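S.K.: Data file query_32.txt (compact mmCIF, C-alpha atoms and all ligand atoms) is appended below.
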```txt
# COMPACT_ATOMS: atom_id res chain seq x y z
CA MET G 1 -0.91 -57.11 -47.31
CA VAL G 2 -0.80 -59.65 -50.11
CA ARG G 3 -3.39 -59.72 -52.91
CA ARG G 4 -4.69 -63.25 -53.39
CA THR G 5 -6.84 -64.58 -56.20
CA ALA G 6 -7.22 -68.00 -57.73
CA LYS G 7 -6.57 -68.95 -61.34
CA ARG G 8 -6.66 -72.14 -63.31
CA ALA G 9 -3.49 -72.86 -65.29
CA PRO G 10 -4.30 -73.58 -68.96
CA GLY G 11 -4.42 -77.29 -69.65
CA LYS G 12 -4.15 -78.12 -65.96
CA ASP G 13 -6.74 -79.10 -63.43
CA ALA G 14 -4.92 -77.68 -60.44
CA VAL G 15 -5.95 -74.30 -59.17
CA VAL G 16 -2.92 -72.00 -59.05
CA ALA G 17 -2.59 -69.53 -56.20
CA SER G 18 -1.91 -65.98 -57.33
CA SER G 19 -0.21 -63.48 -55.05
CA ILE G 20 2.21 -60.66 -55.74
CA PRO G 21 5.63 -62.25 -55.22
CA ASP G 22 7.60 -61.18 -52.19
CA ALA G 23 10.33 -58.59 -52.94
CA VAL G 24 12.69 -60.12 -50.38
CA ALA G 25 12.37 -63.57 -51.97
CA ILE G 26 13.03 -62.14 -55.44
CA ALA G 27 16.08 -60.22 -54.22
CA GLY G 28 17.34 -63.30 -52.39
CA ALA G 29 17.27 -65.32 -55.61
CA LEU G 30 18.47 -62.62 -58.00
CA GLY G 31 21.55 -61.36 -56.15
CA PRO G 32 23.41 -64.69 -55.88
CA TRP G 33 22.40 -65.58 -59.46
CA PHE G 34 23.98 -62.37 -60.79
CA GLU G 35 27.11 -62.78 -58.70
CA ARG G 36 27.61 -66.38 -59.89
CA GLY G 37 28.03 -65.17 -63.47
CA HIS G 38 26.89 -62.54 -65.94
CA ARG G 39 27.97 -60.95 -69.19
CA ASP G 40 31.41 -59.43 -68.96
CA LEU G 41 30.64 -55.87 -70.06
CA PRO G 42 33.38 -53.25 -69.70
CA TRP G 43 31.24 -50.72 -67.82
CA ARG G 44 30.51 -53.33 -65.16
CA ALA G 45 34.14 -53.15 -64.06
CA THR G 46 33.77 -49.57 -62.85
CA SER G 47 31.70 -47.70 -60.31
CA ASP G 48 32.86 -44.30 -61.58
CA PRO G 49 29.53 -42.43 -61.72
CA TYR G 50 30.52 -40.53 -64.87
CA ALA G 51 31.49 -43.75 -66.70
CA VAL G 52 28.23 -45.40 -65.57
CA TRP G 53 26.27 -42.35 -66.75
CA VAL G 54 27.91 -42.48 -70.20
CA SER G 55 27.19 -46.22 -70.51
CA GLU G 56 23.53 -45.77 -69.57
CA VAL G 57 23.04 -42.95 -72.07
CA MET G 58 24.71 -44.97 -74.84
CA LEU G 59 22.66 -48.08 -74.03
CA GLN G 60 19.36 -46.26 -74.54
CA GLN G 61 18.01 -47.49 -77.91
CA THR G 62 21.36 -49.05 -78.82
CA GLN G 63 22.55 -52.64 -78.70
CA VAL G 64 25.16 -53.71 -76.16
CA GLN G 65 27.56 -54.89 -78.91
CA THR G 66 27.51 -51.45 -80.53
CA VAL G 67 28.03 -49.62 -77.23
CA GLN G 68 31.05 -51.84 -76.50
CA ARG G 69 32.75 -50.31 -79.55
CA TYR G 70 32.16 -46.72 -78.40
CA TRP G 71 32.18 -46.51 -74.61
CA GLY G 72 35.90 -47.00 -73.94
CA GLU G 73 36.99 -44.72 -76.75
CA PHE G 74 34.56 -42.00 -75.63
CA LEU G 75 36.00 -42.12 -72.12
CA ARG G 76 39.56 -42.04 -73.43
CA ARG G 77 38.66 -38.90 -75.33
CA PHE G 78 36.64 -37.32 -72.52
CA PRO G 79 37.95 -38.97 -69.33
CA THR G 80 36.15 -36.67 -66.88
CA VAL G 81 32.93 -34.70 -66.62
CA GLN G 82 34.99 -31.50 -66.81
CA ARG G 83 36.80 -32.60 -69.96
CA LEU G 84 33.48 -33.40 -71.64
CA ALA G 85 32.00 -30.10 -70.48
CA ALA G 86 34.92 -28.16 -71.98
CA ALA G 87 34.74 -29.93 -75.37
CA ASP G 88 33.26 -28.32 -78.44
CA GLN G 89 29.89 -29.81 -79.40
CA SER G 90 31.28 -30.80 -82.81
CA GLU G 91 33.99 -32.85 -81.04
CA VAL G 92 31.33 -34.66 -78.98
CA LEU G 93 29.18 -35.38 -82.03
CA GLU G 94 32.24 -36.67 -83.86
CA ALA G 95 32.93 -39.14 -81.02
CA TRP G 96 29.25 -40.18 -81.17
CA SER G 97 29.22 -40.66 -84.97
CA GLY G 98 27.55 -43.94 -85.88
CA LEU G 99 25.83 -44.44 -82.50
CA GLY G 100 22.67 -42.67 -83.66
CA TYR G 101 20.12 -40.70 -81.64
CA TYR G 102 22.46 -37.72 -81.54
CA ARG G 103 20.19 -35.78 -79.23
CA ARG G 104 21.58 -38.02 -76.47
CA ALA G 105 25.10 -36.75 -77.17
CA ARG G 106 24.02 -33.12 -77.08
CA LEU G 107 22.13 -33.65 -73.81
CA LEU G 108 25.06 -35.55 -72.27
CA HIS G 109 27.32 -32.64 -73.20
CA ARG G 110 24.90 -30.12 -71.72
CA GLY G 111 24.52 -32.33 -68.64
CA ALA G 112 28.31 -32.39 -68.16
CA GLN G 113 28.39 -28.59 -68.31
CA PHE G 114 25.63 -28.43 -65.69
CA VAL G 115 27.42 -30.91 -63.38
CA THR G 116 30.64 -28.93 -63.74
CA GLU G 117 28.97 -25.61 -62.99
CA GLU G 118 26.52 -26.71 -60.29
CA TYR G 119 28.19 -29.71 -58.64
CA GLY G 120 31.89 -29.00 -59.20
CA GLY G 121 32.21 -31.83 -61.71
CA GLN G 122 31.02 -34.56 -59.29
CA LEU G 123 27.73 -36.34 -60.00
CA PRO G 124 25.60 -36.34 -56.83
CA ASP G 125 24.49 -39.64 -55.29
CA ASP G 126 20.97 -38.41 -54.58
CA PRO G 127 18.45 -39.40 -57.31
CA GLN G 128 16.55 -36.11 -56.87
CA ALA G 129 19.72 -34.07 -57.41
CA LEU G 130 20.57 -36.23 -60.43
CA LEU G 131 17.16 -35.48 -61.92
CA ALA G 132 18.10 -31.80 -62.08
CA VAL G 133 20.86 -32.58 -64.60
CA PRO G 134 19.78 -31.94 -68.23
CA GLY G 135 19.22 -35.26 -70.02
CA ILE G 136 18.99 -37.34 -66.84
CA GLY G 137 15.49 -38.77 -66.43
CA ARG G 138 14.04 -41.09 -63.86
CA TYR G 139 15.63 -44.23 -65.32
CA THR G 140 19.16 -42.79 -65.65
CA ALA G 141 18.97 -41.21 -62.18
CA GLY G 142 18.06 -44.63 -60.76
CA ALA G 143 20.79 -46.38 -62.74
CA VAL G 144 23.56 -43.98 -61.67
CA ALA G 145 22.40 -43.84 -58.03
CA SER G 146 22.05 -47.62 -57.68
CA ILE G 147 24.93 -48.90 -59.82
CA ALA G 148 27.53 -46.23 -59.07
CA PHE G 149 26.56 -45.24 -55.52
CA ASP G 150 24.80 -48.38 -54.26
CA ARG G 151 21.77 -46.31 -53.33
CA PRO G 152 18.34 -48.06 -53.23
CA ALA G 153 16.98 -46.07 -56.19
CA PRO G 154 14.62 -47.89 -58.58
CA LEU G 155 15.20 -48.09 -62.32
CA VAL G 156 12.71 -49.42 -64.84
CA ASP G 157 13.50 -49.71 -68.52
CA GLY G 158 11.84 -51.95 -71.11
CA ASN G 159 13.69 -55.06 -69.95
CA VAL G 160 12.92 -54.52 -66.27
CA ALA G 161 9.27 -53.69 -67.03
CA ARG G 162 8.89 -56.96 -68.92
CA VAL G 163 10.39 -58.93 -66.02
CA MET G 164 8.11 -57.20 -63.51
CA SER G 165 5.02 -57.62 -65.69
CA ARG G 166 5.69 -61.35 -65.85
CA LEU G 167 6.68 -61.77 -62.19
CA ASP G 168 3.48 -60.03 -61.11
CA ALA G 169 1.33 -61.40 -63.99
CA VAL G 170 0.20 -57.94 -65.04
CA GLU G 171 -2.44 -58.61 -67.68
CA ASP G 172 -3.54 -55.05 -68.40
CA PRO G 173 -1.43 -53.80 -71.38
CA ALA G 174 -1.66 -50.21 -70.09
CA ARG G 175 0.12 -51.23 -66.87
CA GLN G 176 2.96 -53.14 -68.55
CA PRO G 177 5.28 -50.45 -70.01
CA ALA G 178 8.33 -49.01 -68.18
CA THR G 179 6.35 -45.83 -67.57
CA ALA G 180 3.62 -47.68 -65.67
CA ALA G 181 3.38 -46.41 -62.12
CA ARG G 182 3.04 -49.88 -60.62
CA HIS G 183 6.57 -51.08 -61.48
CA TRP G 184 8.57 -48.34 -59.74
CA PRO G 185 7.63 -49.05 -56.11
CA ARG G 186 7.94 -52.81 -56.75
CA VAL G 187 11.47 -52.40 -58.12
CA ALA G 188 12.32 -50.02 -55.25
CA ASP G 189 11.30 -52.75 -52.77
CA ILE G 190 13.38 -55.40 -54.55
CA ILE G 191 16.47 -53.21 -54.81
CA ALA G 192 16.19 -52.15 -51.17
CA ALA G 193 16.06 -55.81 -50.09
CA GLY G 194 19.77 -56.40 -50.76
CA ARG G 195 22.71 -54.65 -52.40
CA PRO G 196 21.24 -52.09 -54.81
CA ARG G 197 24.31 -52.13 -57.08
CA ILE G 198 23.96 -55.89 -57.60
CA LEU G 199 20.17 -56.09 -57.73
CA ALA G 200 19.74 -53.24 -60.22
CA GLN G 201 22.15 -54.91 -62.64
CA ALA G 202 20.65 -58.35 -61.93
CA LEU G 203 17.16 -57.20 -62.94
CA MET G 204 18.52 -55.70 -66.16
CA GLU G 205 20.61 -58.80 -66.87
CA LEU G 206 17.63 -61.10 -66.28
CA GLY G 207 15.54 -59.13 -68.77
CA ALA G 208 18.31 -59.05 -71.37
CA THR G 209 19.44 -62.67 -71.19
CA VAL G 210 16.75 -64.88 -69.60
CA CYS G 211 13.35 -63.19 -69.48
CA THR G 212 13.60 -62.14 -73.12
CA PRO G 213 10.65 -60.80 -75.14
CA ARG G 214 10.19 -64.06 -77.05
CA SER G 215 10.94 -67.58 -75.79
CA PRO G 216 12.10 -66.68 -72.25
CA LYS G 217 14.37 -69.31 -70.69
CA CYS G 218 12.15 -70.05 -67.70
CA GLU G 219 13.87 -73.39 -67.13
CA VAL G 220 17.04 -71.61 -65.98
CA CYS G 221 15.40 -68.56 -64.40
CA PRO G 222 16.42 -67.89 -60.80
CA VAL G 223 13.03 -66.35 -59.93
CA ARG G 224 10.85 -68.99 -61.54
CA PRO G 225 9.50 -70.10 -58.12
CA GLN G 226 8.27 -66.53 -57.55
CA CYS G 227 6.96 -65.90 -61.09
CA LEU G 228 3.18 -65.61 -61.37
CA ALA G 229 3.12 -65.59 -65.18
CA HIS G 230 4.99 -68.89 -65.18
CA ALA G 231 2.74 -70.40 -62.53
CA GLN G 232 -0.35 -69.32 -64.44
CA GLY G 233 0.88 -70.35 -67.92
CA GLN G 234 0.80 -66.72 -69.11
CA VAL G 235 4.45 -66.29 -70.12
CA ASP G 236 3.61 -66.15 -73.82
CA VAL G 237 0.88 -63.53 -73.45
CA ILE G 238 2.64 -61.12 -71.05
CA PRO G 239 3.53 -58.52 -72.10
CA SER G 240 0.77 -58.22 -74.66
CA PRO G 241 2.00 -57.64 -78.23
CA LYS G 242 2.34 -53.98 -79.19
CA LYS G 243 0.29 -52.65 -82.07
CA ARG G 244 2.82 -50.63 -84.02
CA ALA G 245 1.60 -47.81 -86.22
CA ALA G 246 3.30 -47.78 -89.62
CA SER G 247 6.15 -45.25 -89.73
CA PRO G 248 5.57 -42.42 -92.23
CA LYS G 249 7.87 -42.56 -95.25
CA ALA G 250 9.49 -39.56 -96.94
CA SER G 251 11.35 -39.66 -100.28
CA PHE G 252 14.31 -37.40 -101.09
CA TRP G 253 16.92 -36.85 -103.72
CA ALA G 254 20.31 -36.93 -101.96
CA LEU G 255 22.50 -34.54 -103.95
CA ALA G 256 26.21 -35.32 -104.29
CA ILE G 257 27.27 -32.04 -105.88
CA MET G 258 30.91 -31.77 -106.93
CA TRP G 259 32.55 -28.39 -107.43
CA ARG G 260 36.25 -28.19 -108.37
CA GLY G 261 36.77 -31.73 -107.09
CA ARG G 262 35.12 -31.05 -103.76
CA LEU G 263 31.87 -32.48 -102.43
CA GLY G 264 29.15 -30.28 -100.93
CA LEU G 265 27.83 -31.35 -97.55
CA VAL G 266 25.37 -29.51 -95.34
CA ARG G 267 25.41 -29.13 -91.58
CA ARG G 268 21.82 -29.75 -90.57
CA PRO G 269 19.99 -27.25 -88.34
CA ASP G 270 20.51 -27.39 -84.55
CA GLU G 271 17.00 -28.74 -83.97
CA GLY G 272 15.27 -31.75 -85.50
CA LEU G 273 16.50 -35.02 -86.98
CA LEU G 274 20.31 -35.38 -87.18
CA ALA G 275 20.66 -31.89 -85.70
CA GLY G 276 24.13 -30.43 -86.23
CA MET G 277 25.33 -33.45 -88.24
CA PHE G 278 26.71 -33.45 -91.80
CA CYS G 279 24.61 -34.89 -94.61
CA LEU G 280 24.28 -34.63 -98.34
CA PRO G 281 21.77 -31.92 -99.29
CA LEU G 282 18.31 -33.50 -99.42
CA VAL G 283 15.49 -32.33 -101.68
CA ALA G 284 11.99 -33.75 -101.27
CA ARG G 285 10.96 -35.64 -104.40
CA ASP G 286 7.52 -34.06 -104.07
CA SER G 287 9.09 -30.68 -104.81
CA MET G 288 11.41 -31.82 -107.65
CA ALA G 289 9.99 -34.53 -109.90
CA THR G 290 13.22 -35.32 -111.80
CA ALA G 291 16.89 -34.82 -111.06
CA ASP G 292 18.36 -33.92 -114.45
CA ASN G 293 20.73 -31.07 -115.36
CA SER G 294 18.02 -28.46 -115.74
CA ALA G 295 16.14 -29.37 -112.55
CA LEU G 296 19.35 -29.33 -110.49
CA SER G 297 20.50 -26.08 -112.10
CA ALA G 298 17.21 -24.48 -111.09
CA CYS G 299 17.44 -25.95 -107.58
CA LEU G 300 21.03 -24.79 -106.94
CA GLY G 301 20.95 -21.52 -108.89
CA VAL G 302 24.10 -22.42 -110.93
CA PRO G 303 24.62 -24.46 -114.12
CA VAL G 304 24.92 -28.15 -113.40
CA THR G 305 26.28 -30.84 -115.75
CA ARG G 306 26.45 -34.61 -115.85
CA ALA G 307 23.59 -35.19 -113.43
CA ALA G 308 23.19 -38.94 -112.98
CA VAL G 309 20.89 -40.88 -110.69
CA THR G 310 22.71 -43.81 -109.09
CA GLU G 311 21.38 -47.34 -109.47
CA THR G 312 21.40 -47.89 -105.72
CA SER G 313 18.88 -46.23 -103.43
CA VAL G 314 19.22 -45.99 -99.66
CA LYS G 315 16.58 -46.69 -97.02
CA HIS G 316 17.19 -45.31 -93.56
CA VAL G 317 14.87 -46.18 -90.67
CA PHE G 318 14.55 -43.81 -87.71
CA THR G 319 12.43 -44.60 -84.65
CA HIS G 320 9.24 -43.07 -86.02
CA ARG G 321 9.93 -42.46 -89.71
CA VAL G 322 11.60 -43.89 -92.77
CA TRP G 323 13.67 -42.01 -95.32
CA LEU G 324 13.89 -43.30 -98.89
CA LEU G 325 16.90 -41.63 -100.48
CA GLN G 326 17.95 -41.62 -104.10
CA PRO G 327 21.54 -40.39 -104.54
CA VAL G 328 22.24 -38.13 -107.51
CA LEU G 329 25.77 -37.28 -108.61
CA ALA G 330 26.31 -33.99 -110.49
CA THR G 331 28.95 -31.35 -111.16
CA ALA G 332 28.35 -27.65 -110.55
CA ARG G 333 30.08 -25.30 -113.01
CA ARG G 334 30.09 -22.49 -110.44
CA LYS G 335 30.01 -22.64 -106.68
CA PRO G 336 26.37 -22.52 -105.47
CA ALA G 337 25.68 -19.67 -103.06
CA SER G 338 24.00 -22.18 -100.78
CA LEU G 339 22.94 -25.83 -100.61
CA PRO G 340 19.48 -27.08 -99.62
CA GLY G 341 18.94 -28.16 -96.02
CA GLY G 342 21.69 -26.43 -94.04
CA GLU G 343 24.97 -24.60 -93.89
CA ALA G 344 27.28 -25.71 -96.77
CA LEU G 345 30.71 -27.22 -96.31
CA TRP G 346 32.87 -28.26 -99.29
CA VAL G 347 35.18 -31.16 -98.48
CA GLU G 348 38.03 -32.83 -100.37
CA ALA G 349 37.67 -36.49 -101.38
CA GLY G 350 37.93 -38.64 -98.25
CA GLU G 351 37.94 -35.62 -95.91
CA ARG G 352 35.69 -35.95 -92.87
CA PRO G 353 34.16 -32.84 -91.40
CA ARG G 354 34.60 -32.10 -87.72
CA GLY G 355 31.25 -32.72 -86.09
CA GLY G 356 30.69 -36.20 -87.27
CA MET G 357 28.84 -38.02 -90.00
CA PRO G 358 25.72 -39.99 -89.16
CA THR G 359 25.24 -43.51 -90.49
CA VAL G 360 22.82 -42.30 -93.14
CA THR G 361 25.57 -40.12 -94.70
CA GLU G 362 28.00 -43.03 -94.65
CA LYS G 363 25.39 -45.17 -96.43
CA LEU G 364 24.82 -42.50 -99.07
CA LEU G 365 28.52 -42.01 -99.75
CA ALA G 366 28.94 -45.77 -100.06
CA ALA G 367 26.10 -45.84 -102.62
CA LEU G 368 27.73 -43.24 -104.89
S1 LIG G 401 10.07 -67.63 -64.96
FE1 LIG G 401 10.12 -67.10 -67.11
S2 LIG G 401 8.62 -65.47 -67.34
FE2 LIG G 401 9.06 -65.66 -65.16
S3 LIG G 401 10.64 -64.13 -64.77
FE3 LIG G 401 11.66 -66.08 -65.18
S4 LIG G 401 12.07 -66.08 -67.40
FE4 LIG G 401 10.59 -64.45 -66.97
```
Starting from the file, give its structure as structure tokens.

M.R.:
Amino acid sequence: MVRRTAKRAPGKDAVVASSIPDAVAIAGALGPWFERGHRDLPWRATSDPYAVWVSEVMLQQTQVQTVQRYWGEFLRRFPTVQRLAAADQSEVLEAWSGLGYYRRARLLHRGAQFVTEEYGGQLPDDPQALLAVPGIGRYTAGAVASIAFDRPAPLVDGNVARVMSRLDAVEDPARQPATAARHWPRVADIIAAGRPRILAQALMELGATVCTPRSPKCEVCPVRPQCLAHAQGQVDVIPSPKKRAASPKASFWALAIMWRGRLGLVRRPDEGLLAGMFCLPLVARDSMATADNSALSACLGVPVTRAAVTETSVKHVFTHRVWLLQPVLATARRKPASLPGGEALWVEAGERPRGGMPTVTEKLLAAL
């Protein structure tokens, strides 16, 4: 049953019919469009479920260009689920260094251990069985099942949600996000109307390259004849702009403490931001107003000399918070019993600890 209403296109006299576009028609236009040409991304050349899984995890919150630098190397290092499962977590975090959102790496590692123990190292093709794997949610289960196994399993991420909101002219902001219940059965119908492997990637490709957040290229869009937002002149207002809350800011001293020519790093706790990664010790500026010799001596419990605040400060933006970091270079006359913020590790100049250094540490070291 098709919903029909009538709308007047802005600036036009003609009344525009409005009906939810037919899934078969959308699939019929999208499949051939994708097969005629698309971005040549390395993970598109494989249907190995493990390799597809790794690509989908890396692509969450990370740009395609960045993932292209990591995906192949990660698979060379951990070529199978079993090899990843057997790796030490520090080895996995090291391979992930610079990709950010390190929780993904820890969950992927845990997921590989689960797949090895429960499924003999083979990812199942059933989306429900995939959902049992730690770190695999509804989107990733759909992506692996459809792209790797050609199963008609829906997948809705931000790109696909935007395409569907425009195709169906969804005006209500609450029904536009990827989590909105309305998109999933619609995408399931589209993907089931042809080859799931092709249609799943075609929807994602359309959102990434044609139906972009701003200035979508409707003139070259294969589903323009089906698109209600285009027919109704609503392309610029769907999806509705998000009201972003300002991210809270926190200010820290980032201590570069030298002792006998070595630099003190801390391995951050296993939970929370940058869990298990190596950083400079951070001290909240609220709790230490200045960073001179006496303040640092009191903070570290050993005499400190030559404390100097660098001219360059570092800003690091996480998804929901911002760190403002002021590096301080100082020399400890004795080895501190501990360093603030985690387990201490003293490294030689240029030495890189096993377990990986996040981008924020690289930025701080470059600022020293
Ligand atoms: S016609 Fe325009 S708004 Fe509609 S799906 Fe295509 S690119 Fe997106």

S.K.: Excluding Val309 of chain G and residues on its chain fewer than 4 positions from it, collect all residues at most 8 Å away from it, counting only C-alpha atoms, and give them as a list in words.

M.R.: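 The contact residues come out as Ala291, Gln326, Pro327, Val328 and Leu329 of chain G.
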
S.K.: Okay, now the selection with C-alpha atoms, as a PDB file, keeping the file's coordinate frame?

M.R.:
```pdb
ATOM      1  CA  ALA G 291      16.890 -34.820-111.060  1.00  0.00           C
ATOM      2  CA  GLN G 326      17.950 -41.620-104.100  1.00  0.00           C
ATOM      3  CA  PRO G 327      21.540 -40.390-104.540  1.00  0.00           C
ATOM      4  CA  VAL G 328      22.240 -38.130-107.510  1.00  0.00           C
ATOM      5  CA  LEU G 329      25.770 -37.280-108.610  1.00  0.00           C
TER       6      LEU G 329
END
```

S.K.: Contacts of Ile190 of chain G at 8 Å or less, counting all atoms listed in the file, minus same-chain residues fewer than 3 places along, as a PyMOL selection string?

M.R.: chain G and resi 23-24+26-27+186-187+193-194+199

S.K.: What does the list of residues within 9 Å of ligand LIG 401 (chain G) look like if you count all atoms listed in the file, written as a short mmCIF file (atom, residue, chain, number, x, y, z; two decimals) with C-alpha atoms, in the coordinates of the input?

M.R.:
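Contents of selection.cif, freshly written:
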```
data_model
loop_
_atom_site.label_atom_id
_atom_site.label_comp_id
_atom_site.auth_asym_id
_atom_site.auth_seq_id
_atom_site.Cartn_x
_atom_site.Cartn_y
_atom_site.Cartn_z
CA ARG G 162 8.89 -56.96 -68.92
CA VAL G 163 10.39 -58.93 -66.02
CA MET G 164 8.11 -57.20 -63.51
CA SER G 165 5.02 -57.62 -65.69
CA ARG G 166 5.69 -61.35 -65.85
CA LEU G 167 6.68 -61.77 -62.19
CA ASP G 168 3.48 -60.03 -61.11
CA ALA G 169 1.33 -61.40 -63.99
CA LEU G 206 17.63 -61.10 -66.28
CA GLY G 207 15.54 -59.13 -68.77
CA THR G 209 19.44 -62.67 -71.19
CA VAL G 210 16.75 -64.88 -69.60
CA CYS G 211 13.35 -63.19 -69.48
CA THR G 212 13.60 -62.14 -73.12
CA PRO G 213 10.65 -60.80 -75.14
CA SER G 215 10.94 -67.58 -75.79
CA PRO G 216 12.10 -66.68 -72.25
CA LYS G 217 14.37 -69.31 -70.69
CA CYS G 218 12.15 -70.05 -67.70
CA GLU G 219 13.87 -73.39 -67.13
CA VAL G 220 17.04 -71.61 -65.98
CA CYS G 221 15.40 -68.56 -64.40
CA PRO G 222 16.42 -67.89 -60.80
CA VAL G 223 13.03 -66.35 -59.93
CA ARG G 224 10.85 -68.99 -61.54
CA PRO G 225 9.50 -70.10 -58.12
CA GLN G 226 8.27 -66.53 -57.55
CA CYS G 227 6.96 -65.90 -61.09
CA LEU G 228 3.18 -65.61 -61.37
CA ALA G 229 3.12 -65.59 -65.18
CA HIS G 230 4.99 -68.89 -65.18
CA ALA G 231 2.74 -70.40 -62.53
CA GLN G 234 0.80 -66.72 -69.11
CA VAL G 235 4.45 -66.29 -70.12
CA ASP G 236 3.61 -66.15 -73.82
CA ILE G 238 2.64 -61.12 -71.05
#
```

S.K.: Restricting the calculation to all atoms listed in the file, which member of G:Glu94, G:Glu171, G:Asp88, G:Glu311 is positioned closest to Tyr70 of chain G?

M.R.: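 When distances to Tyr70 of chain G are compared using all atoms listed in the file, the smallest one comes from G:Glu94.
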
S.K.: For Leu345 of chain G, work out the shell of residues within 8 Å, counting only C-alpha atoms and skipping chain neighbours fewer than 4 positions away, then give it as JSON, numbers by chain.

M.R.: {"G": [264, 265, 266, 267]}

S.K.: Return as AutoDock Vina command-line options the centre and edge lengths, in Å with one decimal, of the box along x, y and z that encloses every atom of segment 83-86 of chain G in the file, padded by 3 Å per side.

M.R.:
```
--center_x 34.4 --center_y -30.8 --center_z -71.0 --size_x 10.8 --size_y 11.2 --size_z 8.0
```
